[in-house]
>>> print(open('coords38.cif').read())   # mmCIF, N, CA and C atoms
data_query
#
loop_
_atom_site.group_PDB
_atom_site.id
_atom_site.type_symbol
_atom_site.label_atom_id
_atom_site.label_comp_id
_atom_site.auth_asym_id
_atom_site.auth_seq_id
_atom_site.Cartn_x
_atom_site.Cartn_y
_atom_site.Cartn_z
ATOM 1 N N MET J 23 11.273 3.074 1.713
ATOM 2 C CA MET J 23 10.140 2.989 0.797
ATOM 3 C C MET J 23 8.905 2.437 1.501
ATOM 4 N N GLU J 24 9.087 1.772 2.646
ATOM 5 C CA GLU J 24 7.936 1.178 3.341
ATOM 6 C C GLU J 24 6.898 2.234 3.726
ATOM 7 N N LYS J 25 7.368 3.422 4.115
ATOM 8 C CA LYS J 25 6.424 4.479 4.489
ATOM 9 C C LYS J 25 5.636 4.960 3.276
ATOM 10 N N GLN J 26 6.290 5.022 2.128
ATOM 11 C CA GLN J 26 5.574 5.422 0.916
ATOM 12 C C GLN J 26 4.566 4.346 0.521
ATOM 13 N N ILE J 27 4.943 3.099 0.655
ATOM 14 C CA ILE J 27 3.999 2.009 0.367
ATOM 15 C C ILE J 27 2.832 2.080 1.350
ATOM 16 N N ALA J 28 3.121 2.431 2.593
ATOM 17 C CA ALA J 28 2.060 2.575 3.595
ATOM 18 C C ALA J 28 1.067 3.652 3.169
ATOM 19 N N VAL J 29 1.563 4.771 2.644
ATOM 20 C CA VAL J 29 0.678 5.835 2.159
ATOM 21 C C VAL J 29 -0.162 5.307 1.000
ATOM 22 N N TRP J 30 0.457 4.571 0.095
ATOM 23 C CA TRP J 30 -0.250 4.002 -1.057
ATOM 24 C C TRP J 30 -1.365 3.064 -0.574
ATOM 25 N N LEU J 31 -1.054 2.206 0.402
ATOM 26 C CA LEU J 31 -2.058 1.288 0.953
ATOM 27 C C LEU J 31 -3.194 2.074 1.612
ATOM 28 N N LEU J 32 -2.829 3.115 2.328
ATOM 29 C CA LEU J 32 -3.823 3.950 3.004
ATOM 30 C C LEU J 32 -4.737 4.629 1.988
ATOM 31 N N GLN J 33 -4.154 5.168 0.923
ATOM 32 C CA GLN J 33 -4.939 5.832 -0.120
ATOM 33 C C GLN J 33 -5.983 4.898 -0.720
ATOM 34 N N ARG J 34 -5.653 3.646 -0.822
ATOM 35 C CA ARG J 34 -6.541 2.691 -1.486
ATOM 36 C C ARG J 34 -7.446 1.916 -0.522
ATOM 37 N N GLY J 35 -7.406 2.288 0.741
ATOM 38 C CA GLY J 35 -8.294 1.671 1.717
ATOM 39 C C GLY J 35 -7.827 0.320 2.224
ATOM 40 N N TYR J 36 -6.542 0.001 2.031
ATOM 41 C CA TYR J 36 -6.004 -1.265 2.515
ATOM 42 C C TYR J 36 -5.392 -1.135 3.902
ATOM 43 N N ALA J 37 -5.451 0.061 4.471
ATOM 44 C CA ALA J 37 -5.002 0.313 5.841
ATOM 45 C C ALA J 37 -5.863 1.440 6.400
ATOM 46 N N ASP J 38 -6.057 1.422 7.700
ATOM 47 C CA ASP J 38 -6.904 2.425 8.344
ATOM 48 C C ASP J 38 -6.155 3.707 8.692
ATOM 49 N N ASP J 39 -4.848 3.600 8.915
ATOM 50 C CA ASP J 39 -4.036 4.771 9.216
ATOM 51 C C ASP J 39 -2.596 4.489 8.803
ATOM 52 N N LEU J 40 -1.756 5.513 8.873
ATOM 53 C CA LEU J 40 -0.384 5.375 8.398
ATOM 54 C C LEU J 40 0.392 4.316 9.183
ATOM 55 N N GLU J 41 0.222 4.295 10.500
ATOM 56 C CA GLU J 41 0.959 3.324 11.314
ATOM 57 C C GLU J 41 0.587 1.897 10.929
ATOM 58 N N GLN J 42 -0.697 1.665 10.709
ATOM 59 C CA GLN J 42 -1.134 0.338 10.291
ATOM 60 C C GLN J 42 -0.585 0.028 8.902
ATOM 61 N N GLY J 43 -0.589 1.014 8.021
ATOM 62 C CA GLY J 43 -0.026 0.828 6.685
ATOM 63 C C GLY J 43 1.442 0.440 6.738
ATOM 64 N N ILE J 44 2.182 1.064 7.643
ATOM 65 C CA ILE J 44 3.597 0.721 7.804
ATOM 66 C C ILE J 44 3.742 -0.719 8.278
ATOM 67 N N ARG J 45 2.935 -1.112 9.252
ATOM 68 C CA ARG J 45 2.989 -2.507 9.732
ATOM 69 C C ARG J 45 2.655 -3.481 8.603
ATOM 70 N N PHE J 46 1.638 -3.146 7.799
ATOM 71 C CA PHE J 46 1.261 -4.018 6.681
ATOM 72 C C PHE J 46 2.381 -4.084 5.648
ATOM 73 N N ALA J 47 2.965 -2.940 5.313
ATOM 74 C CA ALA J 47 4.041 -2.904 4.322
ATOM 75 C C ALA J 47 5.233 -3.729 4.801
ATOM 76 N N GLU J 48 5.563 -3.622 6.083
ATOM 77 C CA GLU J 48 6.674 -4.398 6.632
ATOM 78 C C GLU J 48 6.372 -5.895 6.591
ATOM 79 N N SER J 49 5.145 -6.264 6.932
ATOM 80 C CA SER J 49 4.756 -7.683 6.876
ATOM 81 C C SER J 49 4.820 -8.209 5.453
ATOM 82 N N LEU J 50 4.301 -7.432 4.514
ATOM 83 C CA LEU J 50 4.306 -7.858 3.115
ATOM 84 C C LEU J 50 5.728 -7.980 2.580
ATOM 85 N N ALA J 51 6.613 -7.097 3.009
ATOM 86 C CA ALA J 51 8.013 -7.171 2.575
ATOM 87 C C ALA J 51 8.659 -8.472 3.045
ATOM 88 N N LYS J 52 8.188 -8.981 4.187
ATOM 89 C CA LYS J 52 8.708 -10.247 4.732
ATOM 90 C C LYS J 52 7.930 -11.454 4.221
ATOM 91 N N GLY J 53 6.865 -11.210 3.452
ATOM 92 C CA GLY J 53 6.037 -12.303 2.960
ATOM 93 C C GLY J 53 5.135 -12.895 4.024
ATOM 94 N N GLU J 54 4.761 -12.066 4.989
ATOM 95 C CA GLU J 54 3.930 -12.528 6.098
ATOM 96 C C GLU J 54 2.548 -11.886 6.045
ATOM 97 N N CYS J 55 1.593 -12.580 6.628
ATOM 98 C CA CYS J 55 0.232 -12.061 6.740
ATOM 99 C C CYS J 55 -0.126 -12.053 8.223
ATOM 100 N N SER J 56 -0.225 -10.867 8.799
ATOM 101 C CA SER J 56 -0.512 -10.753 10.232
ATOM 102 C C SER J 56 -2.007 -10.933 10.501
ATOM 103 N N GLU J 57 -2.312 -11.228 11.752
ATOM 104 C CA GLU J 57 -3.715 -11.326 12.161
ATOM 105 C C GLU J 57 -4.412 -9.976 11.969
ATOM 106 N N GLU J 58 -3.685 -8.894 12.238
ATOM 107 C CA GLU J 58 -4.249 -7.559 12.060
ATOM 108 C C GLU J 58 -4.637 -7.329 10.596
ATOM 109 N N MET J 59 -3.786 -7.788 9.687
ATOM 110 C CA MET J 59 -4.072 -7.638 8.261
ATOM 111 C C MET J 59 -5.328 -8.438 7.898
ATOM 112 N N LEU J 60 -5.415 -9.650 8.400
ATOM 113 C CA LEU J 60 -6.605 -10.475 8.136
ATOM 114 C C LEU J 60 -7.865 -9.822 8.693
ATOM 115 N N ASP J 61 -7.775 -9.326 9.922
ATOM 116 C CA ASP J 61 -8.940 -8.698 10.551
ATOM 117 C C ASP J 61 -9.388 -7.453 9.790
ATOM 118 N N THR J 62 -8.433 -6.618 9.431
ATOM 119 C CA THR J 62 -8.755 -5.361 8.746
ATOM 120 C C THR J 62 -9.257 -5.601 7.334
ATOM 121 N N LEU J 63 -8.526 -6.397 6.574
ATOM 122 C CA LEU J 63 -8.870 -6.583 5.163
ATOM 123 C C LEU J 63 -9.989 -7.599 4.960
ATOM 124 N N GLY J 64 -10.313 -8.333 5.991
ATOM 125 C CA GLY J 64 -11.432 -9.260 5.919
ATOM 126 C C GLY J 64 -12.762 -8.541 5.745
ATOM 127 N N HIS J 65 -12.762 -7.232 6.032
ATOM 128 C CA HIS J 65 -13.982 -6.422 5.916
ATOM 129 C C HIS J 65 -13.915 -5.461 4.734
ATOM 130 N N ASN J 66 -12.876 -5.576 3.924
ATOM 131 C CA ASN J 66 -12.684 -4.676 2.783
ATOM 132 C C ASN J 66 -13.421 -5.239 1.572
ATOM 133 N N ILE J 67 -14.340 -4.482 1.023
ATOM 134 C CA ILE J 67 -15.179 -4.972 -0.073
ATOM 135 C C ILE J 67 -14.360 -5.282 -1.327
ATOM 136 N N ASP J 68 -13.337 -4.475 -1.608
ATOM 137 C CA ASP J 68 -12.468 -4.719 -2.767
ATOM 138 C C ASP J 68 -11.766 -6.067 -2.625
ATOM 139 N N VAL J 69 -11.263 -6.333 -1.437
ATOM 140 C CA VAL J 69 -10.591 -7.612 -1.185
ATOM 141 C C VAL J 69 -11.594 -8.749 -1.315
ATOM 142 N N PHE J 70 -12.739 -8.600 -0.686
ATOM 143 C CA PHE J 70 -13.753 -9.651 -0.706
ATOM 144 C C PHE J 70 -14.213 -9.957 -2.129
ATOM 145 N N MET J 71 -14.436 -8.910 -2.924
ATOM 146 C CA MET J 71 -14.910 -9.116 -4.300
ATOM 147 C C MET J 71 -13.843 -9.792 -5.168
ATOM 148 N N THR J 72 -12.583 -9.549 -4.885
ATOM 149 C CA THR J 72 -11.505 -10.133 -5.676
ATOM 150 C C THR J 72 -11.139 -11.521 -5.187
ATOM 151 N N VAL J 73 -10.984 -11.658 -3.883
ATOM 152 C CA VAL J 73 -10.496 -12.902 -3.289
ATOM 153 C C VAL J 73 -11.635 -13.891 -3.058
ATOM 154 N N GLY J 74 -12.797 -13.376 -2.723
ATOM 155 C CA GLY J 74 -13.909 -14.241 -2.357
ATOM 156 C C GLY J 74 -13.880 -14.494 -0.866
ATOM 157 N N GLY J 75 -14.824 -15.227 -0.402
ATOM 158 C CA GLY J 75 -14.876 -15.474 1.043
ATOM 159 C C GLY J 75 -14.826 -16.943 1.343
ATOM 160 N N PRO J 76 -14.458 -17.323 2.493
ATOM 161 C CA PRO J 76 -13.929 -16.469 3.547
ATOM 162 C C PRO J 76 -12.486 -16.060 3.234
ATOM 163 N N ILE J 77 -12.094 -14.909 3.761
ATOM 164 C CA ILE J 77 -10.743 -14.408 3.527
ATOM 165 C C ILE J 77 -9.801 -15.061 4.529
ATOM 166 N N THR J 78 -8.801 -15.742 3.989
ATOM 167 C CA THR J 78 -7.800 -16.429 4.804
ATOM 168 C C THR J 78 -6.418 -15.921 4.407
ATOM 169 N N ALA J 79 -5.430 -16.263 5.204
ATOM 170 C CA ALA J 79 -4.051 -15.866 4.883
ATOM 171 C C ALA J 79 -3.642 -16.432 3.523
ATOM 172 N N GLU J 80 -4.098 -17.632 3.212
ATOM 173 C CA GLU J 80 -3.719 -18.284 1.957
ATOM 174 C C GLU J 80 -4.261 -17.569 0.725
ATOM 175 N N ASN J 81 -5.472 -17.017 0.815
ATOM 176 C CA ASN J 81 -5.982 -16.314 -0.359
ATOM 177 C C ASN J 81 -5.750 -14.806 -0.303
ATOM 178 N N LEU J 82 -5.470 -14.267 0.877
ATOM 179 C CA LEU J 82 -5.191 -12.840 0.994
ATOM 180 C C LEU J 82 -3.768 -12.496 0.553
ATOM 181 N N MET J 83 -2.801 -13.357 0.875
ATOM 182 C CA MET J 83 -1.399 -13.037 0.588
ATOM 183 C C MET J 83 -1.112 -12.814 -0.889
ATOM 184 N N PRO J 84 -1.554 -13.665 -1.805
ATOM 185 C CA PRO J 84 -1.274 -13.381 -3.217
ATOM 186 C C PRO J 84 -1.861 -12.040 -3.668
ATOM 187 N N PHE J 85 -3.059 -11.725 -3.211
ATOM 188 C CA PHE J 85 -3.708 -10.458 -3.541
ATOM 189 C C PHE J 85 -2.876 -9.287 -3.026
ATOM 190 N N MET J 86 -2.479 -9.339 -1.757
ATOM 191 C CA MET J 86 -1.728 -8.244 -1.156
ATOM 192 C C MET J 86 -0.298 -8.171 -1.685
ATOM 193 N N GLN J 87 0.293 -9.312 -2.011
ATOM 194 C CA GLN J 87 1.642 -9.297 -2.597
ATOM 195 C C GLN J 87 1.596 -8.616 -3.968
ATOM 196 N N GLU J 88 0.524 -8.851 -4.702
ATOM 197 C CA GLU J 88 0.349 -8.186 -5.995
ATOM 198 C C GLU J 88 0.212 -6.673 -5.796
ATOM 199 N N LYS J 89 -0.556 -6.259 -4.797
ATOM 200 C CA LYS J 89 -0.716 -4.831 -4.495
ATOM 201 C C LYS J 89 0.614 -4.223 -4.061
ATOM 202 N N TYR J 90 1.374 -4.949 -3.249
ATOM 203 C CA TYR J 90 2.677 -4.475 -2.780
ATOM 204 C C TYR J 90 3.630 -4.298 -3.968
ATOM 205 N N ALA J 91 3.645 -5.255 -4.865
ATOM 206 C CA ALA J 91 4.509 -5.175 -6.055
ATOM 207 C C ALA J 91 4.091 -4.004 -6.939
ATOM 208 N N MET J 92 2.791 -3.801 -7.095
ATOM 209 C CA MET J 92 2.295 -2.692 -7.906
ATOM 210 C C MET J 92 2.705 -1.365 -7.279
ATOM 211 N N ALA J 93 2.529 -1.249 -5.969
ATOM 212 C CA ALA J 93 2.905 -0.019 -5.275
ATOM 213 C C ALA J 93 4.393 0.251 -5.432
ATOM 214 N N SER J 94 5.207 -0.763 -5.272
ATOM 215 C CA SER J 94 6.661 -0.609 -5.408
ATOM 216 C C SER J 94 7.031 -0.124 -6.800
ATOM 217 N N LYS J 95 6.417 -0.735 -7.796
ATOM 218 C CA LYS J 95 6.700 -0.374 -9.186
ATOM 219 C C LYS J 95 6.273 1.071 -9.476
ATOM 220 N N LEU J 96 5.077 1.440 -9.032
ATOM 221 C CA LEU J 96 4.580 2.791 -9.269
ATOM 222 C C LEU J 96 5.425 3.836 -8.549
ATOM 223 N N ILE J 97 5.766 3.565 -7.302
ATOM 224 C CA ILE J 97 6.548 4.523 -6.527
ATOM 225 C C ILE J 97 7.930 4.694 -7.140
ATOM 226 N N LYS J 98 8.519 3.614 -7.621
ATOM 227 C CA LYS J 98 9.823 3.706 -8.296
ATOM 228 C C LYS J 98 9.689 4.581 -9.546
ATOM 229 N N PHE J 99 8.648 4.347 -10.334
ATOM 230 C CA PHE J 99 8.421 5.151 -11.539
ATOM 231 C C PHE J 99 8.217 6.623 -11.176
ATOM 232 N N TRP J 100 7.373 6.883 -10.173
ATOM 233 C CA TRP J 100 7.095 8.255 -9.776
ATOM 234 C C TRP J 100 8.346 8.947 -9.247
ATOM 235 N N SER J 101 9.201 8.201 -8.540
ATOM 236 C CA SER J 101 10.447 8.777 -8.026
ATOM 237 C C SER J 101 11.368 9.188 -9.167
ATOM 238 N N GLU J 102 11.347 8.397 -10.226
ATOM 239 C CA GLU J 102 12.173 8.703 -11.398
ATOM 240 C C GLU J 102 11.549 9.764 -12.285
ATOM 241 N N ASN J 103 10.240 9.971 -12.142
ATOM 242 C CA ASN J 103 9.498 10.940 -12.960
ATOM 243 C C ASN J 103 8.632 11.823 -12.054
ATOM 244 N N PRO J 104 9.258 12.633 -11.206
ATOM 245 C CA PRO J 104 8.493 13.383 -10.201
ATOM 246 C C PRO J 104 7.539 14.433 -10.776
ATOM 247 N N LYS J 105 7.669 14.753 -12.058
ATOM 248 C CA LYS J 105 6.757 15.741 -12.661
ATOM 249 C C LYS J 105 5.507 15.086 -13.232
ATOM 250 N N ASP J 106 5.461 13.749 -13.224
ATOM 251 C CA ASP J 106 4.265 13.018 -13.644
ATOM 252 C C ASP J 106 3.096 13.465 -12.760
ATOM 253 N N THR J 107 1.944 13.665 -13.352
ATOM 254 C CA THR J 107 0.785 14.143 -12.595
ATOM 255 C C THR J 107 0.459 13.234 -11.421
ATOM 256 N N ASN J 108 0.465 11.926 -11.640
ATOM 257 C CA ASN J 108 0.170 11.001 -10.540
ATOM 258 C C ASN J 108 1.245 11.064 -9.460
ATOM 259 N N ALA J 109 2.488 11.279 -9.867
ATOM 260 C CA ALA J 109 3.583 11.416 -8.901
ATOM 261 C C ALA J 109 3.356 12.638 -8.018
ATOM 262 N N ILE J 110 2.969 13.730 -8.637
ATOM 263 C CA ILE J 110 2.730 14.963 -7.881
ATOM 264 C C ILE J 110 1.647 14.738 -6.829
ATOM 265 N N PHE J 111 0.529 14.131 -7.238
ATOM 266 C CA PHE J 111 -0.555 13.863 -6.294
ATOM 267 C C PHE J 111 -0.108 12.906 -5.193
ATOM 268 N N PHE J 112 0.619 11.847 -5.576
ATOM 269 C CA PHE J 112 1.063 10.872 -4.584
ATOM 270 C C PHE J 112 2.026 11.501 -3.581
ATOM 271 N N PHE J 113 3.014 12.254 -4.070
ATOM 272 C CA PHE J 113 3.995 12.839 -3.166
ATOM 273 C C PHE J 113 3.364 13.920 -2.282
ATOM 274 N N ASN J 114 2.352 14.615 -2.788
ATOM 275 C CA ASN J 114 1.608 15.558 -1.946
ATOM 276 C C ASN J 114 0.889 14.810 -0.824
ATOM 277 N N GLU J 115 0.332 13.661 -1.144
ATOM 278 C CA GLU J 115 -0.332 12.826 -0.132
ATOM 279 C C GLU J 115 0.690 12.339 0.895
ATOM 280 N N CYS J 116 1.865 11.948 0.426
ATOM 281 C CA CYS J 116 2.931 11.529 1.344
ATOM 282 C C CYS J 116 3.247 12.651 2.328
ATOM 283 N N ARG J 117 3.453 13.845 1.797
ATOM 284 C CA ARG J 117 3.793 14.995 2.644
ATOM 285 C C ARG J 117 2.680 15.295 3.650
ATOM 286 N N LYS J 118 1.440 15.112 3.215
ATOM 287 C CA LYS J 118 0.300 15.339 4.099
ATOM 288 C C LYS J 118 0.376 14.431 5.325
ATOM 289 N N HIS J 119 0.955 13.241 5.143
ATOM 290 C CA HIS J 119 1.083 12.272 6.236
ATOM 291 C C HIS J 119 2.460 12.338 6.904
ATOM 292 N N GLY J 120 3.262 13.345 6.542
ATOM 293 C CA GLY J 120 4.571 13.513 7.164
ATOM 294 C C GLY J 120 5.642 12.585 6.606
ATOM 295 N N VAL J 121 5.404 12.045 5.422
ATOM 296 C CA VAL J 121 6.368 11.148 4.783
ATOM 297 C C VAL J 121 7.039 11.897 3.644
ATOM 298 N N GLU J 122 8.333 12.102 3.761
ATOM 299 C CA GLU J 122 9.073 12.791 2.692
ATOM 300 C C GLU J 122 9.351 11.819 1.557
ATOM 301 N N PRO J 123 9.052 12.221 0.324
ATOM 302 C CA PRO J 123 9.315 11.369 -0.836
ATOM 303 C C PRO J 123 10.816 11.069 -0.962
ATOM 304 N N GLU J 124 11.110 9.849 -1.363
ATOM 305 C CA GLU J 124 12.493 9.437 -1.607
ATOM 306 C C GLU J 124 12.768 9.578 -3.092
ATOM 307 N N LEU J 125 13.350 10.714 -3.456
ATOM 308 C CA LEU J 125 13.634 10.973 -4.862
ATOM 309 C C LEU J 125 15.121 10.759 -5.130
ATOM 310 N N PRO J 126 15.459 10.305 -6.356
ATOM 311 C CA PRO J 126 16.874 10.071 -6.669
ATOM 312 C C PRO J 126 17.667 11.363 -6.737
#
>>> encode(input="coords38.cif", output="structure tokens")
Amino acid sequence: MEKQIAVWLLQRGYADDLEQGIRFAESLAKGECSEEMLDTLGHNIDVFMTVGGPITAENLMPFMQEKYAMASKLIKFWSENPKDTNAIFFFNECRKHGVEPELP
């Protein structure tokens, strides 16, 4: 599921490319905030407007953990309901990045 979460992060501008999204998803799964995540998301306007400045690991992690939980929940729902319009768009985006959807 980490690759699907990476696509979700990429779609929303929380990662610059799929590989970075995978690294971020893996870090978030471990409850860690990497320097790369701080550097990248420190310049993200959505993060800045929500978290405020300066962006630190302490204020970035709750925000990103919430995003990770939301992505997990949505992807689980979409996997169970693959005909949902949002699921179709998301899984098409996954395929575009070479990530095969994990359907039950």
>>> select_by_dssp(input="coords38.cif", residues="chain J", states="helix (DSSP H, G or I)", output="ChimeraX atom specification")
/J:24-33,40-51,57-63,67-73,79-102,107-118
>>> resolve_selection(input="coords38.cif", expression="the PyMOL selection byres ((chain J and resi 86-95) around 8)", output="MDAnalysis selection string")
chainID J and resid 23 26:27 30:31 47 50:51 53 81:85 96:101
>>> atom_distance(input="coords38.cif", atom1="atom CA of Ala79 of chain J", atom2="atom CA of Ile67 of chain J")
16.3 Å
>>> axis_aligned_box(input="coords38.cif", around="segment 68-87 of chain J", padding_each_side="6 Å", output="lines of an AutoDock Vina configuration file")
center_x = -6.6
center_y = -11.4
center_z = -0.2
size_x = 28.6
size_y = 25.8
size_z = 22.9
>>> residues_around(input="coords38.cif", residues="Ser56 of chain J", least_positions_apart="5", cutoff="9 Å", atoms="only C-alpha atoms", output="list in words")
Arg45, Phe46, Ser49, Asp61 and Ala79 of chain J
>>> atom_distance(input="coords38.cif", atom1="atom C of His119 of chain J", atom2="atom N of Ala37 of chain J")
14.8 Å
>>> residues_around(input="coords38.cif", residues="Phe70 of chain J", least_positions_apart="6", cutoff="12 Å", atoms="only C-alpha atoms", output="PyMOL selection string")
chain J and resi 36+60+62-64+76-78+81-82+85
>>> atom_distance(input="coords38.cif", atom1="atom C of Glu122 of chain J", atom2="atom C of Asn66 of chain J")
28.5 Å
>>> closest_residue(input="coords38.cif", among="J:Leu125, J:Cys116, J:Glu58, J:Gly75", to="Lys25 of chain J", atoms="all atoms listed in the file")
J:Cys116
